[in-house]
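Some notes on the structure that comes next.
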Amino acid sequence: MQRDGGVTGASGLNRRTAPTMEGQLMNVLNKSRVVVASGLMFAAALGAPAQAQVTQDGLVNVNVGDVTILEDVRVGLAAQVAAQICGVKVGPVAVLGRAVDRSGGTRTVCEAAQDVTITQN
């Protein structure tokens with residue numbers, strides 16, 4: 001007995017509700033498209049900001065004039081040396097060093113006999 005009004009074939013399956021091979025293939029293709037599209041959007045969202053960022057590794061260089069006296073040192077050590085040369089407190093120089101590490105720029109700590117600068121490594 002058929003309650004839904006469908007036509008029953010020789011196999012006993014309702015032809016209206018029985019999945020066809022073509023229908024199953026289309027279902028798999030549609031799901032695959034969604035997965036691929038989602039992956040591409042995710043990759044694009046992560047890739048774009050990463051290209052614009054400066055590498056922050058906590059290391060900077062200290063220069064006096066055009067001579068590098070410390071290369072690839074931690075911001076804390078760079079701040080201590082630059083503060084000692086300039087005769088200033090370490091705290092503000094450390095803040096300056098972290099800003100350089102984040103931005104990739106160059107900052108002048110003081111102008112002693114020559115400029116004392118902190119640069120990104």
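Order determines the names: the first chain of the structure tokens is A, the second B, and so forth; residues in each chain are numbered 1 upward, and ligands are numbered 1 upward as they are shown.
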Might you pull out every residue within 12 Å of Pro92 of chain A, with only C-alpha atoms counted and same-chain residues fewer than 4 positions away left off, and present them as a PyMOL selection string?
-> chain A and resi 75-76+79-80+82-83+88+96-99+109-110
Could you give me, as a PDB file with C-alpha atoms, in the first residue's frame, the residues within 12 Å of Ala112 of chain A, counting only C-alpha atoms and dropping anything in the same chain fewer than 5 positions from it?
```
ATOM      1  CA  ASN A  63      73.003  53.152  16.012  1.00  0.00           C
ATOM      2  CA  VAL A  64      75.254  56.060  16.918  1.00  0.00           C
ATOM      3  CA  GLY A  65      75.511  58.199  13.816  1.00  0.00           C
ATOM      4  CA  ALA A  82      70.672  54.003  24.368  1.00  0.00           C
ATOM      5  CA  ALA A  83      69.527  55.506  27.686  1.00  0.00           C
ATOM      6  CA  GLN A  84      73.057  55.199  29.109  1.00  0.00           C
ATOM      7  CA  ILE A  85      74.583  56.933  26.084  1.00  0.00           C
ATOM      8  CA  CYS A  86      71.959  59.706  26.149  1.00  0.00           C
ATOM      9  CA  GLY A  87      71.805  60.081  29.926  1.00  0.00           C
ATOM     10  CA  VAL A  88      68.021  59.589  30.091  1.00  0.00           C
ATOM     11  CA  THR A 117      68.766  55.936  16.951  1.00  0.00           C
TER      12      THR A 117
END
```
Have a look at atom CA of Gln114 of chain A and atom CA of Gly91 of chain A and let me know their distance in Å, one decimal.
->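 Calculated distance between atom CA of Gln114 of chain A and atom CA of Gly91 of chain A is 21.6 Å.
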Residue contacts of Gln120 of chain A (9 Å, only C-alpha atoms) excluding same-chain residues fewer than 3 positions away, as a PyMOL selection string = chain A and resi 56+59-61+72+97+100-106
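With atom CA of Val90 of chain A on one side and atom CA of Asp66 of chain A on the other, the separation reads 22.3 Å.
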Do you know which residues are at most 8 Å from Glu71 of chain A counting only C-alpha atoms, after dropping those on the same chain fewer than 2 positions away, and could you put them as a PyMOL selection string?
-> chain A and resi 60-62+68-69+73+121
